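Just below is one structure, and these are the notes that go with it.
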2 protein chains.
Amino acid sequence: MTGNNKQRHLVIFQPSGGRGYIDKGKTIKEASQQLGVDIESICGGRATCGKCKIKVEEGFFEKYGIDSQREHLSPMEEGERQLLTKHEEQSGYRLACVARIYGDVLVSVPEESRAGRQIIRKAITETAIDLRPAVRKYYAEVPPATIDNPLGDWERLEAELNRRFNLSNLVVDYQVLLGLQKVMRQGNWKVTASVWMDREVIKVEPGFVERGYGLAVDIGTTTVAGYLCDLMSGEIVATDSIMNPQVTYGEDVMSRITYAITNKEGLRRMNRAIINGLNQIAGRAARQACTERQSILDMVIVGNTCMHHLFLAIDPAYLGQAPFTPSIHHSLDIKTRDLGLNISAGAYVHVLPIEARFIGADNVAVLIAEEPYNQDEIVLIIDIGTNAELVLGNRDKLFSASCAAGPAFEGANIKYGMRAIPGTIERVEIDPDSKEVRFKVIGKTDWNTDSEAIGAKGICGSGIVDAIAQMFMVGILQKNGRFNVGLETPRLRVTEEGPEFVIAWAYETSIDQDITICQTDVRAVQLAKGAMYAGAKLMMRHLDIARLDKVIFTGAFGNYISKDSAMLIGLSPDCALENVYAVGNAAGDGARIALLNVDKRREANEIARQVEYIELTTEPDFETEFMQAMYFPHLKDPFPHLKQISNKEGRS
Amino acid sequence: MTGNNKQRHLVIFQPSGGRGYIDKGKTIKEASQQLGVDIESICGGRATCGKCKIKVEEGFFEKYGIDSQREHLSPMEEGERQLLTKHEEQSGYRLACVARIYGDVLVSVPEESRAGRQIIRKAITETAIDLRPAVRKYYAEVPPATIDNPLGDWERLEAELNRRFNLSNLVVDYQVLLGLQKVMRQGNWKVTASVWMDREVIKVEPGFVERGYGLAVDIGTTTVAGYLCDLMSGEIVATDSIMNPQVTYGEDVMSRITYAITNKEGLRRMNRAIINGLNQIAGRAARQACTERQSILDMVIVGNTCMHHLFLAIDPAYLGQAPFTPSIHHSLDIKTRDLGLNISAGAYVHVLPIEARFIGADNVAVLIAEEPYNQDEIVLIIDIGTNAELVLGNRDKLFSASCAAGPAFEGANIKYGMRAIPGTIERVEIDPDSKEVRFKVIGKTDWNTDSEAIGAKGICGSGIVDAIAQMFMVGILQKNGRFNVGLETPRLRVTEEGPEFVIAWAYETSIDQDITICQTDVRAVQLAKGAMYAGAKLMMRHLDIARLDKVIFTGAFGNYISKDSAMLIGLSPDCALENVYAVGNAAGDGARIALLNVDKRREANEIARQVEYIELTTEPDFETEFMQAMYFPHLKDPFPHLKQISNKEGRS
């Protein structure tokens with residue numbers, strides 16, 4: 001353990017603990033490779049990217065009586081200094097690809113320099129996702145062609161990528177080849193190549209270009225949500241969502257299938273609509289991130305089976321008739337240009353696999369995000385959308401089912417309902433005595449009671465669930481969903497269309513109208529939650545279980561719903577509240593995970609074939625269960641854990 | 001060796017000699033797989049394709065005292081009988097996938113049933129080419145989807161292809177996926193899949209479809225020649241050639257590069273022109289073969305470096321300036337739809353690799369067709385085109401060079417010159433005494449002297465070489481290319497533009513004009529042959545050799561040139577006439593070989609990187625050698641072997 005070997009020196013890496021004797025004069029980067037320690041590198045050791053920063057730790061060897069310090073590395077070079085901040089320089093930071101070993105050293109590899117570092121840690125599953133994107137960037141300094149060695153541009157680039165990064169058998173995308181000559185000369189033979197799956201060069205840019213982006217999109221029947229991620233860090237750099245432009249052709253899955261069947265141009269129109277929508281999201285997200293759409297190098301798409309088919313321009317007719325066969329289950333990698341998607345010309349789009357019937361790639365995405373197949377506890381996942389998808393089970397067995405919930409939770413078919421955009425009401429509280437309402441609007445930090453000029457323009461999914469739950473809690477709604485019209489409060493009134501309850505007065509809005517919840521709104525929520533509850537209960541019977549260990553609510557409604565409100569109205573059978581989670585859009589998370597980790601794409605294909613589908617509508621008890629589940633929280637089933645909420649809120 | 005084992009029987013295959021004991025009840029096909037004998041099968045043993053015909057040999061075992069006959073196989077089935085001719089049935093033919101082994105049998109596998117059978121046997125190299133196309137057809141009967149097993153269309157097809165043909169990890173082309181549902185239902189779940197490189201399904205057709213075609217194209221600077229091949233048999237089923245439509249933009253390679261540089265739309269225009277031309281060839285060849293362009297499942301393209309770049313729409317500017325770097329050397333596989341080629345929607349085009357400078361994929365094709373790299377003898381190959389390419393060497397060392405020969409041998413820049421199409425003069429003989437001319441026209445079997453109504457409309461490359469050689473032989477032309485105007489014959493006359501010699505009188509033509517060879521024509525041939533001869537001589541100096549073992553003339557001029565005439569005018573340095581070959585279009589042969597055998601595609605990439613390029617124009621002696629080589633056959637060099645011709649023709 002002492003460094004008295006004249007030709008070799010002890011090098012220890014933190015936090016991995018990798019250690020060994022390394023030949024004098026080798027770089028820290030070379031030592032790390034020899035000892036199996038991952039240090040990030042894009043430029044392949046040319047001191048250009050500054051990604052491989054490490055810190056030389058002082059004092060460590062001193063306690064062993066060894067004289068160890070920064071001088072045990074080669075002196076700092078000018079190019080290196082330019083890539084370090086003054087503070088980093090003073091703190092002992094160096095570039096691993098430059099600093100050479102002259103003596104024993106202890107080296108810390110900071111989080112951001114670790115290749116394949118963790119980027120997504122889901123609170124629920126405690127699963128860490130490593131960063132292993134399909135597209136990686138490599139910087140290459142290519143020798144110019146000479147009369148003596150007039151090898152082709154591609155051959156010289158390929159040889160350099162092979163030599164520096166050990167990338168063999170590479171092929172080049174045709175569109176990239178078309179621009180290769182110009183790009184290599186523009187960059188004076190210094191270029192950055194983006195390589196897909198270690199086998200195809202899908203972009204070449206002049207000079208050193210660090211940034212590269214990927215777009216994960218969840219195509220919902222009503223809402224399309226996009227997440228633009230930095231492929232190098234895994235971070236979300238922009239999000240954007242739009243109403244699915246296919247809504248014009250039908251509100252739900254069945255009506256779109258009908259439109260495709262009955263209109264000669266129906267399929268083409270709906271396909272063009274979603275492709276245009278995706279191009280819009282790509283453009284806007286890129287602008288948000290101060291980049292251009294051409295720097296989006298990868299894309300992942302999830303969606304239910306019908307959205308999947310319409311996105312791919314595959315006829316959905318057979319999805320609507322027995323035996324409900326999809327065209328393909330398996331994931332697909334398709335050139336974005338073949339689909340008319342306007343991102344980097346050579347990029348692929350990865351479409352996650354689908355499960356069965358309408359349970360599609362969105363549910364597969366939920367699965368790889370939440371990983372119920374890696375858990376012992378029985379978990380119920382409800383992905384709330386126009387079509388709700390349910391998953392129940394654990395590592396031993398997983399069932400899935402779907403039900404037509406309608407788009408109420410996405411704010412559609414609700415009088416003042418809206419997508420979750422800035423200005424919509426996302427939280428509602430009603431005072432049990434005065435029946436006065438407090439609400440919070442997306443984009444504002446205060447509740448309306450703290451600032452009157454609140455300018456609400458509608459109410460989004462989480463706000464609707466809150467409103468109905470609170471209205472039930474304080475007695476405005478009865479168990480069967482009817483308004484308690486006898487209640488004395490100016491907010492409850494009966495119009496020609498029936499009773500309604502005012503959430504926001506006109507002066508609190510930007511639309512100059514009272515924002516209300518009416519009887520039709522309540523009915524829409526009852527139908528949706530009744531279907532989900534009944535589905536969950538029938539699935540529990542299939543799995544032969546009486547209680548749930550965990551419940552996860554998810555959905556592309558933009559914001560987290562309140563799990564208390566969800567349980568209060570009976571969105572699912574009873575469960576201990578500390579084991580109920582509302583996780584935002586897990587399908588979007590899964591899409592993002594697949595974007596950032598290719599191993600999860602493989603896992604997605606496996607799990608998609610393992611889940612067993614249950615057709616709910618043909619279950620003999622479905623109708624009865626559905627009717628009973630329309631009550632708040634249920635006609636008969638006990639909800640022992642709801643006591644927790646009443647206690648919390650100080651009511652019995 | 002006796003068949004007294006009750007459960008197993010001796011099966012012997014001819015001509016391979018494979019033999020072994022096989023379980024009773026197995027099919028002949030199963031036996032062949034067990035014993036490693038190749039028998040063709042498209043339908044995967046469903047008695048649908050009739051490809052696996054074998055013949056049961058009588059009498060063989062009898063001489064060993066063994067009672068062997070047709071009854072040692074299961075009785076003939078009705079489906080089997082329908083696929084055999086009456087004669088075949090009587091001769092003992094059976095389908096290997098149906099006939100089961102009940103006793104010892106000797107089985108002959110006829111040529112046409114052998115999988116991977118030989119298809120091209122080149123007279124010169126004696127190399128046999130096996131049939132191993134990139135695209136193969138597989139017939140599958142897919143189980144229909146049911147409510148209990150509602151697997152996707154693709155998954156059921158994939159599983160069947162895997163089960164029957166052991167094709168694993170298949171992917172499906174996006175365009176194929178778009179039509180998959182319809183095709184599978186049209187075929188009532190019986191379909192034929194075309195699989196590229198054992199990994200991608202590029203077409204699916206309803207029912208059993210035996211035929212599949214491939215198109216090999218040699219894009220010459222002046223002439224584009226296409227060969228449509230049956231991928232199952234390797235046979236050429238149609239040929240078609242056109243004038244390269246880029247000729248409008250420049251006659252030779254350099255002028256096209258200039259056009260691309262000086263016109264903003266130049267590259268795009270020339271690319272569109274050749275793509276349209278190729279689509280025209282594909283359509284006409286398909287019609288010739290009574291099929292449609294969509295049944296063309298594969299395509300191979302060869303051409304010089306400039307044609308290669310223009311075909312791919314890659315800017316050729318850098319080819320025209322030092323260090324003359326191409327964009328890419330390596331072969332490419334590109335979706336034909338990405339290039340605008342209109343054949344089967346999922347098909348790939350394979351572009352052979354290029355060597356150096358203007359020596360492109362066409363010369364690589366010549367190499368894999370003639371295989372000088374597998375020979376001991378020193379061989380000179382001259383590929384005669386607008387740009388002539390020369391290869392010299394053997395297995396130890398190969399040099400290549402190119403020279404601008406001009407399109408004279410393709411009939412261009414010759415007063416009455418034409419591409420080799422029906423109606424053009426392809427052979428010329430001149431009587432040494434009377435100076436009377438005999439000629440033969442493409443498409444007619446007789447010489448003009450046997451039938452006066454000959455209707456010649458021009459003269460093609462081989463006719464021009466013949467005419468000049470004969471004119472020199474009989475003294476009409478002097479050694480320096482000048483007309484011997486003193487000669488007394490009505491065919492030799494001096495016009496305002498100089499002297500000319502009449503090959504065909506107006507009444508022998510369909511153009512109502514005398515077809516003549518004039519002084520400019522002779523000069524064009526002298527320039528072309530002088531350049532080639534000088535190039536060959538300088539290459540011989542590089543290789544340090546004084547004589548050639550073999551000479552091969554090749555070119556896309558449509559028809560074989562006469563090797564005697566070629567040597568008479570001095571197209572190459574002297575060589576024993578029995579070792580001189582004129583092989584038609586070897587580049588086209590090579591393209592066809594690459595179309596039919598994927599191993600040769602790999603070989604092409606290897607050999608393209610091994611050949612050493614010589615730049616002729618910068619050789620100090622080039623000008624001198626060129627001047628001397630413009631003489632017939634040469635100013636100074638001896639041609640000892642020309643005596644053979646004089647003797648043969650009965651003249652000294």
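In the structure tokens, chains take the letters A, B, ... in the order shown, each chain's residues start at 1, and ligands count up from 1 in the order shown.
Superposing chain A on chain B by least squares over every C-alpha atom, paired in sequence order, leaves a C-alpha RMSD of 0.2 Å.
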Practice prompt. Mind the document's chain letters and residue numbers, and return as a ChimeraX atom specification the residues of region 585-645 of chain A that DSSP labels alpha helix (DSSP H).
Written response: /A:586-596,598-610,622-629,642-645
Could you save the residues just selected, with N, CA and C atoms, as a tab-separated table (two decimals), in the first residue's frame?
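Written file, result18.tsv:
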chain	number	residue	atom	x	y	z
A	586	ALA	N	-47.18	9.29	-14.72
A	586	ALA	CA	-46.22	8.18	-14.72
A	586	ALA	C	-45.93	7.70	-16.14
A	587	ALA	N	-46.92	7.80	-17.04
A	587	ALA	CA	-46.67	7.40	-18.43
A	587	ALA	C	-45.60	8.31	-19.04
A	588	GLY	N	-45.69	9.61	-18.71
A	588	GLY	CA	-44.66	10.54	-19.16
A	588	GLY	C	-43.31	10.20	-18.54
A	589	ASP	N	-43.33	9.87	-17.23
A	589	ASP	CA	-42.08	9.47	-16.58
A	589	ASP	C	-41.47	8.26	-17.29
A	590	GLY	N	-42.34	7.28	-17.60
A	590	GLY	CA	-41.85	6.06	-18.26
A	590	GLY	C	-41.29	6.36	-19.63
A	591	ALA	N	-41.95	7.25	-20.34
A	591	ALA	CA	-41.45	7.64	-21.66
A	591	ALA	C	-40.07	8.27	-21.51
A	592	ARG	N	-39.92	9.10	-20.48
A	592	ARG	CA	-38.65	9.77	-20.22
A	592	ARG	C	-37.58	8.76	-19.81
A	593	ILE	N	-37.99	7.79	-19.02
A	593	ILE	CA	-37.04	6.75	-18.59
A	593	ILE	C	-36.56	5.96	-19.81
A	594	ALA	N	-37.49	5.62	-20.70
A	594	ALA	CA	-37.09	4.88	-21.91
A	594	ALA	C	-36.21	5.74	-22.81
A	595	LEU	N	-36.43	7.05	-22.75
A	595	LEU	CA	-35.60	7.96	-23.54
A	595	LEU	C	-34.16	7.95	-23.03
A	596	LEU	N	-34.03	7.81	-21.71
A	596	LEU	CA	-32.72	7.99	-21.09
A	596	LEU	C	-32.00	6.69	-20.80
A	598	VAL	N	-31.64	2.75	-22.43
A	598	VAL	CA	-32.04	1.76	-23.44
A	598	VAL	C	-32.36	0.40	-22.82
A	599	ASP	N	-31.78	0.10	-21.66
A	599	ASP	CA	-32.11	-1.18	-21.02
A	599	ASP	C	-33.58	-1.25	-20.64
A	600	LYS	N	-34.13	-0.08	-20.27
A	600	LYS	CA	-35.55	-0.06	-19.90
A	600	LYS	C	-36.43	-0.28	-21.13
A	601	ARG	N	-35.90	0.00	-22.31
A	601	ARG	CA	-36.68	-0.30	-23.53
A	601	ARG	C	-36.82	-1.81	-23.68
A	602	ARG	N	-35.73	-2.51	-23.43
A	602	ARG	CA	-35.79	-3.98	-23.49
A	602	ARG	C	-36.74	-4.52	-22.43
A	603	GLU	N	-36.63	-3.97	-21.21
A	603	GLU	CA	-37.48	-4.39	-20.11
A	603	GLU	C	-38.95	-4.16	-20.47
A	604	ALA	N	-39.23	-3.07	-21.17
A	604	ALA	CA	-40.60	-2.74	-21.57
A	604	ALA	C	-41.18	-3.83	-22.46
A	605	ASN	N	-40.39	-4.32	-23.40
A	605	ASN	CA	-40.88	-5.38	-24.29
A	605	ASN	C	-41.17	-6.66	-23.53
A	606	GLU	N	-40.32	-6.95	-22.56
A	606	GLU	CA	-40.56	-8.17	-21.78
A	606	GLU	C	-41.83	-8.05	-20.94
A	607	ILE	N	-41.94	-6.96	-20.21
A	607	ILE	CA	-43.05	-6.83	-19.28
A	607	ILE	C	-44.39	-6.71	-20.02
A	608	ALA	N	-44.35	-6.08	-21.20
A	608	ALA	CA	-45.58	-5.91	-21.98
A	608	ALA	C	-46.20	-7.26	-22.33
A	609	ARG	N	-45.36	-8.28	-22.49
A	609	ARG	CA	-45.88	-9.60	-22.84
A	609	ARG	C	-46.26	-10.45	-21.63
A	610	GLN	N	-45.89	-9.95	-20.42
A	610	GLN	CA	-46.17	-10.75	-19.22
A	610	GLN	C	-47.48	-10.38	-18.54
A	622	PHE	N	-69.96	-6.58	-13.74
A	622	PHE	CA	-69.47	-5.23	-13.96
A	622	PHE	C	-70.54	-4.16	-13.76
A	623	GLU	N	-71.72	-4.39	-14.33
A	623	GLU	CA	-72.77	-3.38	-14.25
A	623	GLU	C	-73.15	-3.07	-12.80
A	624	THR	N	-73.36	-4.13	-12.03
A	624	THR	CA	-73.73	-3.96	-10.61
A	624	THR	C	-72.64	-3.19	-9.87
A	625	GLU	N	-71.39	-3.62	-10.06
A	625	GLU	CA	-70.28	-2.97	-9.36
A	625	GLU	C	-70.18	-1.50	-9.77
A	626	PHE	N	-70.41	-1.25	-11.04
A	626	PHE	CA	-70.31	0.09	-11.58
A	626	PHE	C	-71.36	0.99	-10.91
A	627	MET	N	-72.60	0.51	-10.84
A	627	MET	CA	-73.68	1.30	-10.24
A	627	MET	C	-73.37	1.64	-8.79
A	628	GLN	N	-72.89	0.63	-8.06
A	628	GLN	CA	-72.61	0.85	-6.64
A	628	GLN	C	-71.43	1.81	-6.45
A	629	ALA	N	-70.50	1.77	-7.40
A	629	ALA	CA	-69.27	2.57	-7.26
A	629	ALA	C	-69.49	4.02	-7.64
A	642	LEU	N	-60.58	6.23	5.66
A	642	LEU	CA	-61.01	7.62	5.44
A	642	LEU	C	-61.05	8.38	6.76
A	643	LYS	N	-61.15	7.64	7.84
A	643	LYS	CA	-61.12	8.27	9.17
A	643	LYS	C	-59.88	9.14	9.33
A	644	GLN	N	-58.78	8.67	8.75
A	644	GLN	CA	-57.54	9.42	8.84
A	644	GLN	C	-57.73	10.85	8.38
A	645	ILE	N	-58.45	11.00	7.24
A	645	ILE	CA	-58.65	12.34	6.68
A	645	ILE	C	-59.53	13.17	7.60
Closest atom pairs, residues of chain B within 10 Å of chain A, only C-alpha atoms, as JSON lines:
{"residue": "B:Pro144", "atom": "CA", "partner": "A:Pro323", "partner_atom": "CA", "distance": 9.6}
{"residue": "B:Ala145", "atom": "CA", "partner": "A:Pro323", "partner_atom": "CA", "distance": 6.6}
{"residue": "B:Thr146", "atom": "CA", "partner": "A:Pro323", "partner_atom": "CA", "distance": 5.4}
{"residue": "B:Ile147", "atom": "CA", "partner": "A:Pro323", "partner_atom": "CA", "distance": 4.7}
{"residue": "B:Asp148", "atom": "CA", "partner": "A:Pro323", "partner_atom": "CA", "distance": 8.3}
{"residue": "B:Asn149", "atom": "CA", "partner": "A:Pro323", "partner_atom": "CA", "distance": 8.4}
{"residue": "B:Pro150", "atom": "CA", "partner": "A:Thr325", "partner_atom": "CA", "distance": 5.4}
{"residue": "B:Leu151", "atom": "CA", "partner": "A:Thr325", "partner_atom": "CA", "distance": 6.3}
{"residue": "B:Gly152", "atom": "CA", "partner": "A:Ile328", "partner_atom": "CA", "distance": 4.7}
{"residue": "B:Asp153", "atom": "CA", "partner": "A:Ser327", "partner_atom": "CA", "distance": 5.0}
{"residue": "B:Trp154", "atom": "CA", "partner": "A:Ile328", "partner_atom": "CA", "distance": 5.1}
{"residue": "B:Glu155", "atom": "CA", "partner": "A:Ile328", "partner_atom": "CA", "distance": 6.4}
{"residue": "B:Arg156", "atom": "CA", "partner": "A:Ile328", "partner_atom": "CA", "distance": 9.2}
{"residue": "B:Val171", "atom": "CA", "partner": "A:Leu332", "partner_atom": "CA", "distance": 8.4}
{"residue": "B:Val172", "atom": "CA", "partner": "A:Leu332", "partner_atom": "CA", "distance": 8.7}
{"residue": "B:Asp173", "atom": "CA", "partner": "A:Ile334", "partner_atom": "CA", "distance": 8.6}
{"residue": "B:Tyr174", "atom": "CA", "partner": "A:Ile334", "partner_atom": "CA", "distance": 7.0}
{"residue": "B:Gln175", "atom": "CA", "partner": "A:Asp338", "partner_atom": "CA", "distance": 9.0}
{"residue": "B:Leu177", "atom": "CA", "partner": "A:Ser327", "partner_atom": "CA", "distance": 7.5}
{"residue": "B:Leu178", "atom": "CA", "partner": "A:Ile314", "partner_atom": "CA", "distance": 5.4}
{"residue": "B:Gly179", "atom": "CA", "partner": "A:Ile314", "partner_atom": "CA", "distance": 8.0}
{"residue": "B:Leu180", "atom": "CA", "partner": "A:Ser327", "partner_atom": "CA", "distance": 7.3}
{"residue": "B:Gln181", "atom": "CA", "partner": "A:Ser327", "partner_atom": "CA", "distance": 6.2}
{"residue": "B:Lys182", "atom": "CA", "partner": "A:Asp315", "partner_atom": "CA", "distance": 9.2}
{"residue": "B:His309", "atom": "CA", "partner": "A:Leu178", "partner_atom": "CA", "distance": 9.5}
{"residue": "B:Leu312", "atom": "CA", "partner": "A:Leu178", "partner_atom": "CA", "distance": 8.0}
{"residue": "B:Ala313", "atom": "CA", "partner": "A:Leu178", "partner_atom": "CA", "distance": 7.0}
{"residue": "B:Ile314", "atom": "CA", "partner": "A:Leu178", "partner_atom": "CA", "distance": 5.4}
{"residue": "B:Asp315", "atom": "CA", "partner": "A:Leu178", "partner_atom": "CA", "distance": 7.7}
{"residue": "B:Pro316", "atom": "CA", "partner": "A:Gln181", "partner_atom": "CA", "distance": 9.8}
{"residue": "B:Ala317", "atom": "CA", "partner": "A:Gln181", "partner_atom": "CA", "distance": 9.8}
{"residue": "B:Tyr318", "atom": "CA", "partner": "A:Gln181", "partner_atom": "CA", "distance": 8.3}
{"residue": "B:Ala322", "atom": "CA", "partner": "A:Ile147", "partner_atom": "CA", "distance": 6.8}
{"residue": "B:Pro323", "atom": "CA", "partner": "A:Ile147", "partner_atom": "CA", "distance": 4.7}
{"residue": "B:Phe324", "atom": "CA", "partner": "A:Pro150", "partner_atom": "CA", "distance": 6.7}
{"residue": "B:Thr325", "atom": "CA", "partner": "A:Gly152", "partner_atom": "CA", "distance": 5.4}
{"residue": "B:Pro326", "atom": "CA", "partner": "A:Gly152", "partner_atom": "CA", "distance": 4.7}
{"residue": "B:Ser327", "atom": "CA", "partner": "A:Asp153", "partner_atom": "CA", "distance": 5.0}
{"residue": "B:Ile328", "atom": "CA", "partner": "A:Gly152", "partner_atom": "CA", "distance": 4.7}
{"residue": "B:His329", "atom": "CA", "partner": "A:Gly152", "partner_atom": "CA", "distance": 5.7}
{"residue": "B:His330", "atom": "CA", "partner": "A:Glu155", "partner_atom": "CA", "distance": 7.6}
{"residue": "B:Ser331", "atom": "CA", "partner": "A:Val171", "partner_atom": "CA", "distance": 9.9}
{"residue": "B:Leu332", "atom": "CA", "partner": "A:Val171", "partner_atom": "CA", "distance": 8.4}
{"residue": "B:Asp333", "atom": "CA", "partner": "A:Tyr174", "partner_atom": "CA", "distance": 9.0}
{"residue": "B:Ile334", "atom": "CA", "partner": "A:Tyr174", "partner_atom": "CA", "distance": 7.0}
{"residue": "B:Lys335", "atom": "CA", "partner": "A:Tyr174", "partner_atom": "CA", "distance": 9.1}
{"residue": "B:Arg337", "atom": "CA", "partner": "A:Asp338", "partner_atom": "CA", "distance": 9.7}
{"residue": "B:Asp338", "atom": "CA", "partner": "A:Tyr174", "partner_atom": "CA", "distance": 8.1}
{"residue": "B:Leu339", "atom": "CA", "partner": "A:Tyr174", "partner_atom": "CA", "distance": 9.3}
{"residue": "B:Ile354", "atom": "CA", "partner": "A:Gly152", "partner_atom": "CA", "distance": 9.5}
{"residue": "B:Glu355", "atom": "CA", "partner": "A:Leu151", "partner_atom": "CA", "distance": 9.3}
{"residue": "B:Ala356", "atom": "CA", "partner": "A:Pro150", "partner_atom": "CA", "distance": 7.7}
{"residue": "B:Arg357", "atom": "CA", "partner": "A:Pro150", "partner_atom": "CA", "distance": 8.3}
{"residue": "B:Arg609", "atom": "CA", "partner": "A:Leu151", "partner_atom": "CA", "distance": 9.6}
I'd like to know which residues of region 361-581 of chain A are strand (DSSP E) (by DSSP, run on the backbone); could you write them as a compact mmCIF listing (two decimals) with C-alpha atoms, in the first residue's frame?
# COMPACT_ATOMS: atom_id res chain seq x y z
CA VAL A 379 -50.15 -2.42 -5.81
CA LEU A 380 -53.05 -0.90 -7.73
CA ILE A 381 -52.07 1.67 -10.33
CA ILE A 382 -54.81 3.78 -11.89
CA ASP A 383 -53.70 5.82 -14.86
CA ILE A 384 -56.48 8.36 -15.15
CA ASN A 387 -59.35 5.83 -21.17
CA ALA A 388 -58.31 4.81 -17.68
CA GLU A 389 -55.87 1.94 -17.39
CA LEU A 390 -55.58 -0.17 -14.29
CA VAL A 391 -52.78 -2.47 -13.22
CA LEU A 392 -53.01 -4.73 -10.19
CA GLY A 393 -50.51 -7.16 -8.76
CA LEU A 398 -49.88 -8.62 -12.89
CA PHE A 399 -53.32 -7.94 -14.34
CA SER A 400 -54.27 -5.00 -16.50
CA ALA A 401 -57.61 -3.64 -17.58
CA SER A 402 -59.00 -0.52 -19.11
CA CYS A 403 -62.22 1.39 -18.90
CA ALA A 404 -63.69 4.32 -20.73
CA THR A 424 -56.65 27.20 -13.96
CA ILE A 425 -57.80 26.31 -10.47
CA GLU A 426 -55.79 23.33 -9.21
CA ARG A 427 -56.69 23.22 -5.49
CA VAL A 428 -60.03 23.83 -3.76
CA GLU A 429 -60.91 23.92 -0.07
CA ILE A 430 -64.39 24.56 1.35
CA VAL A 437 -64.15 28.54 -0.83
CA ARG A 438 -60.40 28.90 -0.97
CA PHE A 439 -58.69 28.00 -4.24
CA LYS A 440 -55.27 28.09 -5.75
CA VAL A 441 -54.46 28.84 -9.36
CA GLY A 458 -61.22 27.61 -15.43
CA ILE A 459 -60.67 24.52 -13.35
CA LEU A 492 -75.34 27.11 -3.99
CA ARG A 493 -78.05 28.07 -6.44
CA VAL A 494 -80.50 26.43 -8.76
CA THR A 495 -80.51 27.55 -12.39
CA GLY A 498 -80.19 22.52 -12.35
CA PRO A 499 -78.25 23.22 -9.21
CA GLU A 500 -74.64 24.49 -9.20
CA PHE A 501 -72.04 25.55 -6.68
CA VAL A 502 -69.83 28.60 -7.18
CA ILE A 503 -66.13 27.92 -6.79
CA ALA A 504 -64.91 31.32 -7.96
CA ILE A 515 -66.80 29.37 -12.18
CA THR A 516 -69.17 26.70 -10.94
CA ILE A 517 -69.55 22.96 -10.52
CA CYS A 518 -72.93 21.81 -11.82
CA LYS A 550 -50.54 0.40 -2.21
CA VAL A 551 -52.50 2.64 -4.56
CA ILE A 552 -50.92 4.93 -7.14
CA PHE A 553 -52.92 7.57 -8.99
CA THR A 554 -51.34 8.89 -12.13
CA GLY A 555 -52.45 10.68 -15.25
CA VAL A 580 -51.57 6.07 -1.46
CA TYR A 581 -49.53 8.10 -3.91
Worksheet entry | Contacts of Arg8 (chain A) within 6 Å, only C-alpha atoms, excl. fewer than 3 positions in-chain, as a VMD selection string | chain A and resid 5 21 to 24
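Residues lying within 9 Å of Met232 (chain B), counting only C-alpha atoms and ignoring same-chain neighbours fewer than 3 positions away, are Leu131, Pro133, Arg136, Lys137, Glu210, Arg211, Gly212, Tyr213, Cys229 and Glu235 of chain B.
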For the selection you just gave me, I'd like the residues written to a file as a CSV table (one decimal), in the first residue's frame, keeping C-alpha atoms.
chain,number,residue,atom,x,y,z
B,131,LEU,CA,-26.9,-18.0,-55.1
B,133,PRO,CA,-29.3,-13.2,-52.4
B,136,ARG,CA,-35.3,-14.4,-49.7
B,137,LYS,CA,-38.9,-15.3,-49.7
B,210,GLU,CA,-42.8,-17.5,-55.7
B,211,ARG,CA,-41.2,-14.9,-57.8
B,212,GLY,CA,-39.0,-12.1,-56.6
B,213,TYR,CA,-36.7,-9.9,-58.7
B,229,CYS,CA,-32.7,-11.0,-62.3
B,235,GLU,CA,-31.4,-15.9,-64.2
Worksheet item: What lies within 8 Å of region 236-242 of chain B using only C-alpha atoms, ignoring chain neighbours under 2 positions off, as an MDAnalysis selection string?
Response: chainID B and resid 223:230 234 244:245 277 281 284:286 288:289
Fill in: Cys306 (chain B) environment, 9 Å, only C-alpha atoms, sequence neighbours closer than 3 positions dropped, as a ChimeraX atom specification
/B:221,253-254,256-257,303,309-311,316,319,326,357-360
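Coordinates place CA of Ala361 (chain B) at a distance of 27.0 Å from CA of Asp544 (chain B).
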Practice prompt. Tell me, as a PyMOL selection string, which residues lie within 8 Å of Gln14 (chain A), counting only C-alpha atoms; anything in the same chain fewer than 3 positions away does not count.
Written response: chain A and resi 17-18+106-109
